[in-house]
Amino acid sequence: MSGGMVLVDVSGKASTVMSVKGDMIDFDTARQRLPIGSTSDVLTVQAGLPAWVASSGGATTTTLNVSLTSNFTTTENTATILTGMTFDLPTISGGKCFIGFSCCARRSSAGGIQNYIATDTSGSDTYIAGSGRGAEVPTSIYAAEPKWNLASQAIHDADGSTISIFCWTGGGTLTYSGSSTGELATSMSALCVG
């Protein structure tokens, strides 16, 4: 005995319970062999002891993307669907979707514009978390027709909901660019994981 500790000689003892490459030792009432699991099995605890269980196969992921292919114009001062910017989320039990929207828009007169990601015009979907306002590009080139770059993000359950972009203008005519490339692109994407 040294310093209150009991030293036990365990040399050569492990081979009595391990017989296959990958075996481990665990303990219940005595030292025992824990056989290696199968490929992709996950080591977990069941009834207070380690155990191998079949993997659920990992996360389910789905990506979605839609781009505006022609200009969209509105003069509405109430929430209206930006036509062409809608998709249905997948249904993944317990899953979540990160949704991102970005665009280039012009208004025929100075002033504000706004958009948000939602399932309906009320914006009352409790799982939506995010709306966006843009910044007017401060250049004389757009003095007669101010250009806006906007972005919105949201988190939503992967529950099969139809997601849309809603927009409105505080005055004048609002036009979202139908280009699918560069700074003029208007697009919405989602990454869904469960």
# chains A, B, ... in the order shown; residues from 1 in each chain; ligands from 1
$ residues_around --residues "A:Gly22" --least-positions-apart "3" --cutoff "12 Å" --atoms "only C-alpha atoms" --output "count of residues only"
10
$ closest_atom_pairs --of "stretch 61-127 of chain A" --to "stretch 179-183 of chain A" --cutoff "9 Å" --atoms "only C-alpha atoms" --output "JSON lines"
{"residue": "A:Ser67", "atom": "CA", "partner": "A:Ser180", "partner_atom": "CA", "distance": 5.9}
{"residue": "A:Leu68", "atom": "CA", "partner": "A:Ser180", "partner_atom": "CA", "distance": 6.5}
{"residue": "A:Thr69", "atom": "CA", "partner": "A:Ser179", "partner_atom": "CA", "distance": 6.2}
{"residue": "A:Ser70", "atom": "CA", "partner": "A:Ser179", "partner_atom": "CA", "distance": 6.9}
{"residue": "A:Asn71", "atom": "CA", "partner": "A:Ser179", "partner_atom": "CA", "distance": 7.7}
{"residue": "A:Cys103", "atom": "CA", "partner": "A:Glu183", "partner_atom": "CA", "distance": 8.0}
{"residue": "A:Cys104", "atom": "CA", "partner": "A:Glu183", "partner_atom": "CA", "distance": 6.9}
$ write_last_selection --atoms "C-alpha atoms" --output "PDB file, in the first residue's frame"
ATOM      1  CA  SER A  67     -34.762  32.850 -58.273  1.00  0.00           C
ATOM      2  CA  LEU A  68     -36.943  35.509 -59.821  1.00  0.00           C
ATOM      3  CA  THR A  69     -36.821  35.055 -63.602  1.00  0.00           C
ATOM      4  CA  SER A  70     -38.636  38.229 -64.650  1.00  0.00           C
ATOM      5  CA  ASN A  71     -39.172  41.608 -63.023  1.00  0.00           C
ATOM      6  CA  CYS A 103     -32.812  41.006 -53.666  1.00  0.00           C
ATOM      7  CA  CYS A 104     -32.265  44.122 -55.651  1.00  0.00           C
TER       8      CYS A 104
END
$ residues_around --residues "stretch 86-95 of chain A" --least-positions-apart "6" --cutoff "8 Å" --atoms "only C-alpha atoms" --output "ChimeraX atom specification"
/A:60,62,64,66,157-165,192-194
$ write_last_selection --atoms "C-alpha atoms" --output "CSV table (one decimal), in the first residue's frame"
chain,number,residue,atom,x,y,z
A,60,THR,CA,-31.8,14.3,-43.2
A,62,THR,CA,-32.8,19.2,-48.0
A,64,LEU,CA,-34.3,24.6,-51.8
A,66,VAL,CA,-35.8,29.8,-56.2
A,157,ASP,CA,-40.1,24.2,-38.7
A,158,ALA,CA,-39.6,21.7,-41.5
A,159,ASP,CA,-43.4,21.1,-41.6
A,160,GLY,CA,-44.4,21.3,-45.2
A,161,SER,CA,-45.4,25.0,-45.0
A,162,THR,CA,-45.6,27.2,-48.1
A,163,ILE,CA,-43.1,30.0,-47.6
A,164,SER,CA,-43.5,33.3,-49.5
A,165,ILE,CA,-41.8,36.7,-49.7
A,192,CYS,CA,-33.6,22.1,-43.9
A,193,VAL,CA,-32.1,19.6,-41.4
A,194,GLY,CA,-33.7,17.1,-39.1
$ residues_around --residues "A:Ala51" --least-positions-apart "5" --cutoff "9 Å" --atoms "only C-alpha atoms" --output "ChimeraX atom specification"
/A:34,37,42-46
$ write_last_selection --atoms "N, CA and C atoms" --output "PDB file, in the first residue's frame"
ATOM      1  N   LEU A  34     -17.445  -6.285 -23.672  1.00  0.00           N
ATOM      2  CA  LEU A  34     -18.432  -5.562 -24.468  1.00  0.00           C
ATOM      3  C   LEU A  34     -18.005  -5.749 -25.921  1.00  0.00           C
ATOM      4  N   GLY A  37     -19.441  -3.319 -31.870  1.00  0.00           N
ATOM      5  CA  GLY A  37     -20.714  -3.204 -32.569  1.00  0.00           C
ATOM      6  C   GLY A  37     -20.532  -3.371 -34.066  1.00  0.00           C
ATOM      7  N   VAL A  42     -23.917   3.061 -32.930  1.00  0.00           N
ATOM      8  CA  VAL A  42     -23.577   4.143 -32.020  1.00  0.00           C
ATOM      9  C   VAL A  42     -23.518   3.583 -30.602  1.00  0.00           C
ATOM     10  N   LEU A  43     -22.449   3.926 -29.875  1.00  0.00           N
ATOM     11  CA  LEU A  43     -22.327   3.482 -28.490  1.00  0.00           C
ATOM     12  C   LEU A  43     -23.146   4.417 -27.611  1.00  0.00           C
ATOM     13  N   THR A  44     -24.057   3.841 -26.844  1.00  0.00           N
ATOM     14  CA  THR A  44     -24.933   4.639 -25.997  1.00  0.00           C
ATOM     15  C   THR A  44     -25.052   3.950 -24.643  1.00  0.00           C
ATOM     16  N   VAL A  45     -25.860   4.487 -23.764  1.00  0.00           N
ATOM     17  CA  VAL A  45     -26.097   3.884 -22.453  1.00  0.00           C
ATOM     18  C   VAL A  45     -27.546   3.448 -22.376  1.00  0.00           C
ATOM     19  N   GLN A  46     -27.752   2.174 -22.038  1.00  0.00           N
ATOM     20  CA  GLN A  46     -29.098   1.634 -21.861  1.00  0.00           C
ATOM     21  C   GLN A  46     -29.127   0.892 -20.538  1.00  0.00           C
TER      22      GLN A  46
END
$ atom_distance --atom1 "atom CA of A:Ser189" --atom2 "atom CA of A:Gly100"
5.4 Å
$ residues_around --residues "A:Ser102" --least-positions-apart "2" --cutoff "7 Å" --atoms "only C-alpha atoms" --output "PDB file with N, CA and C atoms, in the first residue's frame"
ATOM      1  N   GLY A 100     -33.147  32.066 -46.321  1.00  0.00           N
ATOM      2  CA  GLY A 100     -32.524  33.353 -46.609  1.00  0.00           C
ATOM      3  C   GLY A 100     -33.076  33.928 -47.906  1.00  0.00           C
ATOM      4  N   LEU A 150     -31.791  44.373 -50.342  1.00  0.00           N
ATOM      5  CA  LEU A 150     -32.441  43.917 -49.120  1.00  0.00           C
ATOM      6  C   LEU A 150     -32.072  42.474 -48.831  1.00  0.00           C
ATOM      7  N   ALA A 151     -32.184  42.096 -47.560  1.00  0.00           N
ATOM      8  CA  ALA A 151     -31.987  40.702 -47.163  1.00  0.00           C
ATOM      9  C   ALA A 151     -32.881  40.396 -45.974  1.00  0.00           C
ATOM     10  N   SER A 152     -33.394  39.180 -45.924  1.00  0.00           N
ATOM     11  CA  SER A 152     -34.200  38.702 -44.801  1.00  0.00           C
ATOM     12  C   SER A 152     -33.780  37.272 -44.492  1.00  0.00           C
ATOM     13  N   THR A 186     -32.477  38.297 -57.408  1.00  0.00           N
ATOM     14  CA  THR A 186     -33.511  38.195 -56.384  1.00  0.00           C
ATOM     15  C   THR A 186     -33.737  36.702 -56.166  1.00  0.00           C
ATOM     16  N   SER A 187     -33.386  36.202 -54.975  1.00  0.00           N
ATOM     17  CA  SER A 187     -33.476  34.757 -54.761  1.00  0.00           C
ATOM     18  C   SER A 187     -33.801  34.421 -53.307  1.00  0.00           C
ATOM     19  N   MET A 188     -34.344  33.211 -53.107  1.00  0.00           N
ATOM     20  CA  MET A 188     -34.649  32.705 -51.778  1.00  0.00           C
ATOM     21  C   MET A 188     -34.150  31.268 -51.720  1.00  0.00           C
TER      22      MET A 188
END
$ select_by_dssp --residues "stretch 25-191 of chain A" --states "strand (DSSP E)" --output "NGL selection string"
:A and (25-27 or 31-34 or 42-46 or 49-53 or 61-67 or 72-74 or 80-88 or 91-107 or 113-118 or 131-132 or 135-136 or 147-159 or 162-169 or 174-176 or 187-191)
$ write_last_selection --atoms "C-alpha atoms" --output "PDB file, in the first residue's frame"
ATOM      1  CA  ILE A  25     -14.392  -4.047 -21.204  1.00  0.00           C
ATOM      2  CA  ASP A  26     -17.232  -2.732 -19.099  1.00  0.00           C
ATOM      3  CA  PHE A  27     -18.364  -3.469 -15.578  1.00  0.00           C
ATOM      4  CA  ARG A  31     -15.567  -7.085 -15.369  1.00  0.00           C
ATOM      5  CA  GLN A  32     -17.114  -8.258 -18.655  1.00  0.00           C
ATOM      6  CA  ARG A  33     -16.585  -8.177 -22.394  1.00  0.00           C
ATOM      7  CA  LEU A  34     -18.432  -5.562 -24.468  1.00  0.00           C
ATOM      8  CA  VAL A  42     -23.577   4.143 -32.020  1.00  0.00           C
ATOM      9  CA  LEU A  43     -22.327   3.482 -28.490  1.00  0.00           C
ATOM     10  CA  THR A  44     -24.933   4.639 -25.997  1.00  0.00           C
ATOM     11  CA  VAL A  45     -26.097   3.884 -22.453  1.00  0.00           C
ATOM     12  CA  GLN A  46     -29.098   1.634 -21.861  1.00  0.00           C
ATOM     13  CA  LEU A  49     -24.678   0.092 -19.103  1.00  0.00           C
ATOM     14  CA  PRO A  50     -22.941   0.835 -22.413  1.00  0.00           C
ATOM     15  CA  ALA A  51     -24.579  -0.743 -25.455  1.00  0.00           C
ATOM     16  CA  TRP A  52     -24.297  -0.599 -29.235  1.00  0.00           C
ATOM     17  CA  VAL A  53     -27.429   0.503 -31.124  1.00  0.00           C
ATOM     18  CA  THR A  61     -30.975  17.440 -45.188  1.00  0.00           C
ATOM     19  CA  THR A  62     -32.806  19.186 -48.006  1.00  0.00           C
ATOM     20  CA  THR A  63     -31.885  22.344 -49.905  1.00  0.00           C
ATOM     21  CA  LEU A  64     -34.288  24.562 -51.840  1.00  0.00           C
ATOM     22  CA  ASN A  65     -33.669  27.539 -54.096  1.00  0.00           C
ATOM     23  CA  VAL A  66     -35.798  29.795 -56.242  1.00  0.00           C
ATOM     24  CA  SER A  67     -34.762  32.850 -58.273  1.00  0.00           C
ATOM     25  CA  PHE A  72     -41.956  41.900 -60.436  1.00  0.00           C
ATOM     26  CA  THR A  73     -43.688  45.277 -60.058  1.00  0.00           C
ATOM     27  CA  THR A  74     -46.171  46.483 -57.455  1.00  0.00           C
ATOM     28  CA  THR A  80     -48.459  41.337 -51.169  1.00  0.00           C
ATOM     29  CA  ILE A  81     -46.786  38.138 -52.389  1.00  0.00           C
ATOM     30  CA  LEU A  82     -43.717  38.687 -54.536  1.00  0.00           C
ATOM     31  CA  THR A  83     -44.851  36.440 -57.409  1.00  0.00           C
ATOM     32  CA  GLY A  84     -42.328  33.725 -58.243  1.00  0.00           C
ATOM     33  CA  MET A  85     -40.711  33.733 -54.792  1.00  0.00           C
ATOM     34  CA  THR A  86     -42.527  30.843 -53.092  1.00  0.00           C
ATOM     35  CA  PHE A  87     -41.604  27.264 -52.183  1.00  0.00           C
ATOM     36  CA  ASP A  88     -42.887  24.404 -50.029  1.00  0.00           C
ATOM     37  CA  THR A  91     -41.652  17.644 -43.887  1.00  0.00           C
ATOM     38  CA  ILE A  92     -38.891  16.382 -41.582  1.00  0.00           C
ATOM     39  CA  SER A  93     -39.937  15.217 -38.121  1.00  0.00           C
ATOM     40  CA  GLY A  94     -38.359  17.595 -35.594  1.00  0.00           C
ATOM     41  CA  GLY A  95     -36.522  19.392 -38.411  1.00  0.00           C
ATOM     42  CA  LYS A  96     -35.790  23.089 -38.847  1.00  0.00           C
ATOM     43  CA  CYS A  97     -35.185  25.203 -41.942  1.00  0.00           C
ATOM     44  CA  PHE A  98     -32.949  28.252 -42.263  1.00  0.00           C
ATOM     45  CA  ILE A  99     -34.376  30.472 -44.988  1.00  0.00           C
ATOM     46  CA  GLY A 100     -32.524  33.353 -46.609  1.00  0.00           C
ATOM     47  CA  PHE A 101     -33.819  35.937 -49.092  1.00  0.00           C
ATOM     48  CA  SER A 102     -31.876  38.669 -50.877  1.00  0.00           C
ATOM     49  CA  CYS A 103     -32.812  41.006 -53.666  1.00  0.00           C
ATOM     50  CA  CYS A 104     -32.265  44.122 -55.651  1.00  0.00           C
ATOM     51  CA  ALA A 105     -35.253  46.440 -55.981  1.00  0.00           C
ATOM     52  CA  ARG A 106     -35.949  49.914 -57.343  1.00  0.00           C
ATOM     53  CA  ARG A 107     -38.630  52.399 -56.380  1.00  0.00           C
ATOM     54  CA  ILE A 113     -39.722  49.602 -49.112  1.00  0.00           C
ATOM     55  CA  GLN A 114     -40.012  46.485 -46.980  1.00  0.00           C
ATOM     56  CA  ASN A 115     -40.219  42.715 -47.291  1.00  0.00           C
ATOM     57  CA  TYR A 116     -40.479  39.693 -45.004  1.00  0.00           C
ATOM     58  CA  ILE A 117     -40.520  35.893 -45.138  1.00  0.00           C
ATOM     59  CA  ALA A 118     -43.811  34.363 -43.990  1.00  0.00           C
ATOM     60  CA  SER A 131     -37.713  40.360 -41.528  1.00  0.00           C
ATOM     61  CA  GLY A 132     -35.621  42.766 -43.501  1.00  0.00           C
ATOM     62  CA  ALA A 135     -30.410  50.297 -47.601  1.00  0.00           C
ATOM     63  CA  GLU A 136     -30.965  52.796 -50.375  1.00  0.00           C
ATOM     64  CA  LYS A 147     -32.026  51.222 -55.836  1.00  0.00           C
ATOM     65  CA  TRP A 148     -32.339  49.033 -52.751  1.00  0.00           C
ATOM     66  CA  ASN A 149     -30.493  45.895 -51.710  1.00  0.00           C
ATOM     67  CA  LEU A 150     -32.441  43.917 -49.120  1.00  0.00           C
ATOM     68  CA  ALA A 151     -31.987  40.702 -47.163  1.00  0.00           C
ATOM     69  CA  SER A 152     -34.200  38.702 -44.801  1.00  0.00           C
ATOM     70  CA  GLN A 153     -33.596  35.518 -42.830  1.00  0.00           C
ATOM     71  CA  ALA A 154     -35.952  33.216 -40.958  1.00  0.00           C
ATOM     72  CA  ILE A 155     -36.010  29.940 -39.036  1.00  0.00           C
ATOM     73  CA  HIS A 156     -39.061  27.722 -39.601  1.00  0.00           C
ATOM     74  CA  ASP A 157     -40.113  24.191 -38.687  1.00  0.00           C
ATOM     75  CA  ALA A 158     -39.649  21.681 -41.529  1.00  0.00           C
ATOM     76  CA  ASP A 159     -43.392  21.084 -41.563  1.00  0.00           C
ATOM     77  CA  THR A 162     -45.574  27.153 -48.094  1.00  0.00           C
ATOM     78  CA  ILE A 163     -43.100  30.001 -47.642  1.00  0.00           C
ATOM     79  CA  SER A 164     -43.454  33.279 -49.536  1.00  0.00           C
ATOM     80  CA  ILE A 165     -41.844  36.691 -49.707  1.00  0.00           C
ATOM     81  CA  PHE A 166     -44.219  39.530 -48.923  1.00  0.00           C
ATOM     82  CA  CYS A 167     -43.380  43.075 -49.997  1.00  0.00           C
ATOM     83  CA  TRP A 168     -44.822  46.546 -50.149  1.00  0.00           C
ATOM     84  CA  THR A 169     -43.864  50.080 -51.024  1.00  0.00           C
ATOM     85  CA  LEU A 174     -41.621  49.083 -56.634  1.00  0.00           C
ATOM     86  CA  THR A 175     -39.785  46.755 -59.039  1.00  0.00           C
ATOM     87  CA  TYR A 176     -37.798  43.666 -57.994  1.00  0.00           C
ATOM     88  CA  SER A 187     -33.476  34.757 -54.761  1.00  0.00           C
ATOM     89  CA  MET A 188     -34.649  32.705 -51.778  1.00  0.00           C
ATOM     90  CA  SER A 189     -32.940  29.567 -50.444  1.00  0.00           C
ATOM     91  CA  ALA A 190     -33.480  27.164 -47.580  1.00  0.00           C
ATOM     92  CA  LEU A 191     -31.361  24.578 -45.815  1.00  0.00           C
TER      93      LEU A 191
END
$ atom_distance --atom1 "atom CA of A:Glu76" --atom2 "atom CA of A:Gly171"
8.1 Å
$ decode --residues "stretch 14-49 of chain A" --atoms "N, CA and C atoms" --output "short mmCIF file (atom, residue, chain, number, x, y, z; two decimals), in the first residue's frame"
data_model
loop_
_atom_site.label_atom_id
_atom_site.label_comp_id
_atom_site.auth_asym_id
_atom_site.auth_seq_id
_atom_site.Cartn_x
_atom_site.Cartn_y
_atom_site.Cartn_z
N ALA A 14 -6.73 -8.60 -19.18
CA ALA A 14 -7.69 -8.19 -20.20
C ALA A 14 -7.98 -9.28 -21.21
N SER A 15 -7.00 -10.08 -21.54
CA SER A 15 -7.21 -11.10 -22.57
C SER A 15 -8.24 -12.15 -22.17
N THR A 16 -8.61 -12.19 -20.92
CA THR A 16 -9.59 -13.18 -20.49
C THR A 16 -11.02 -12.78 -20.85
N VAL A 17 -11.26 -11.51 -21.18
CA VAL A 17 -12.62 -11.11 -21.55
C VAL A 17 -12.72 -10.58 -22.97
N MET A 18 -11.62 -10.20 -23.59
CA MET A 18 -11.66 -9.69 -24.96
C MET A 18 -11.19 -10.77 -25.91
N SER A 19 -11.97 -10.98 -26.99
CA SER A 19 -11.61 -12.05 -27.91
C SER A 19 -11.61 -11.61 -29.37
N VAL A 20 -12.18 -10.43 -29.69
CA VAL A 20 -12.28 -9.95 -31.06
C VAL A 20 -11.74 -8.53 -31.13
N LYS A 21 -11.07 -8.21 -32.23
CA LYS A 21 -10.56 -6.85 -32.44
C LYS A 21 -11.70 -5.85 -32.23
N GLY A 22 -11.46 -4.84 -31.42
CA GLY A 22 -12.47 -3.82 -31.15
C GLY A 22 -13.28 -4.06 -29.90
N ASP A 23 -13.15 -5.23 -29.28
CA ASP A 23 -13.85 -5.50 -28.02
C ASP A 23 -13.40 -4.49 -26.96
N MET A 24 -14.28 -4.23 -26.03
CA MET A 24 -13.97 -3.37 -24.89
C MET A 24 -14.39 -4.09 -23.61
N ILE A 25 -14.01 -3.50 -22.50
CA ILE A 25 -14.39 -4.05 -21.20
C ILE A 25 -15.33 -3.06 -20.54
N ASP A 26 -16.40 -3.57 -19.96
CA ASP A 26 -17.23 -2.73 -19.10
C ASP A 26 -17.43 -3.48 -17.78
N PHE A 27 -18.20 -2.88 -16.91
CA PHE A 27 -18.36 -3.47 -15.58
C PHE A 27 -19.81 -3.34 -15.14
N ASP A 28 -20.36 -4.47 -14.71
CA ASP A 28 -21.69 -4.47 -14.10
C ASP A 28 -21.46 -4.91 -12.66
N THR A 29 -21.54 -6.18 -12.39
CA THR A 29 -21.17 -6.71 -11.07
C THR A 29 -19.77 -7.28 -11.11
N ALA A 30 -19.26 -7.44 -12.33
CA ALA A 30 -17.89 -7.90 -12.53
C ALA A 30 -17.42 -7.39 -13.88
N ARG A 31 -16.15 -7.47 -14.10
CA ARG A 31 -15.57 -7.09 -15.37
C ARG A 31 -16.11 -8.02 -16.44
N GLN A 32 -16.54 -7.43 -17.62
CA GLN A 32 -17.11 -8.26 -18.66
C GLN A 32 -16.77 -7.70 -20.03
N ARG A 33 -16.88 -8.54 -21.02
CA ARG A 33 -16.59 -8.18 -22.39
C ARG A 33 -17.76 -7.41 -23.00
N LEU A 34 -17.45 -6.29 -23.67
CA LEU A 34 -18.43 -5.56 -24.47
C LEU A 34 -18.00 -5.75 -25.92
N PRO A 35 -18.67 -6.63 -26.66
CA PRO A 35 -18.27 -6.91 -28.04
C PRO A 35 -18.37 -5.68 -28.92
N ILE A 36 -17.52 -5.63 -29.94
CA ILE A 36 -17.57 -4.52 -30.89
C ILE A 36 -18.93 -4.52 -31.58
N GLY A 37 -19.44 -3.32 -31.87
CA GLY A 37 -20.71 -3.20 -32.57
C GLY A 37 -20.53 -3.37 -34.07
N SER A 38 -21.60 -3.22 -34.81
CA SER A 38 -21.57 -3.30 -36.27
C SER A 38 -21.22 -1.94 -36.86
N THR A 39 -20.83 -1.93 -38.13
CA THR A 39 -20.52 -0.69 -38.82
C THR A 39 -21.67 0.30 -38.68
N SER A 40 -21.35 1.53 -38.35
CA SER A 40 -22.31 2.64 -38.18
C SER A 40 -23.11 2.57 -36.90
N ASP A 41 -22.93 1.53 -36.06
CA ASP A 41 -23.61 1.52 -34.76
C ASP A 41 -23.10 2.67 -33.89
N VAL A 42 -23.92 3.06 -32.93
CA VAL A 42 -23.58 4.14 -32.02
C VAL A 42 -23.52 3.58 -30.60
N LEU A 43 -22.45 3.93 -29.88
CA LEU A 43 -22.33 3.48 -28.49
C LEU A 43 -23.15 4.42 -27.61
N THR A 44 -24.06 3.84 -26.84
CA THR A 44 -24.93 4.64 -26.00
C THR A 44 -25.05 3.95 -24.64
N VAL A 45 -25.86 4.49 -23.76
CA VAL A 45 -26.10 3.88 -22.45
C VAL A 45 -27.55 3.45 -22.38
N GLN A 46 -27.75 2.17 -22.04
CA GLN A 46 -29.10 1.63 -21.86
C GLN A 46 -29.13 0.89 -20.54
N ALA A 47 -30.11 1.21 -19.72
CA ALA A 47 -30.26 0.59 -18.39
C ALA A 47 -28.97 0.69 -17.58
N GLY A 48 -28.28 1.82 -17.71
CA GLY A 48 -27.09 2.07 -16.91
C GLY A 48 -25.82 1.41 -17.40
N LEU A 49 -25.86 0.77 -18.56
CA LEU A 49 -24.68 0.09 -19.10
C LEU A 49 -24.45 0.51 -20.55
#
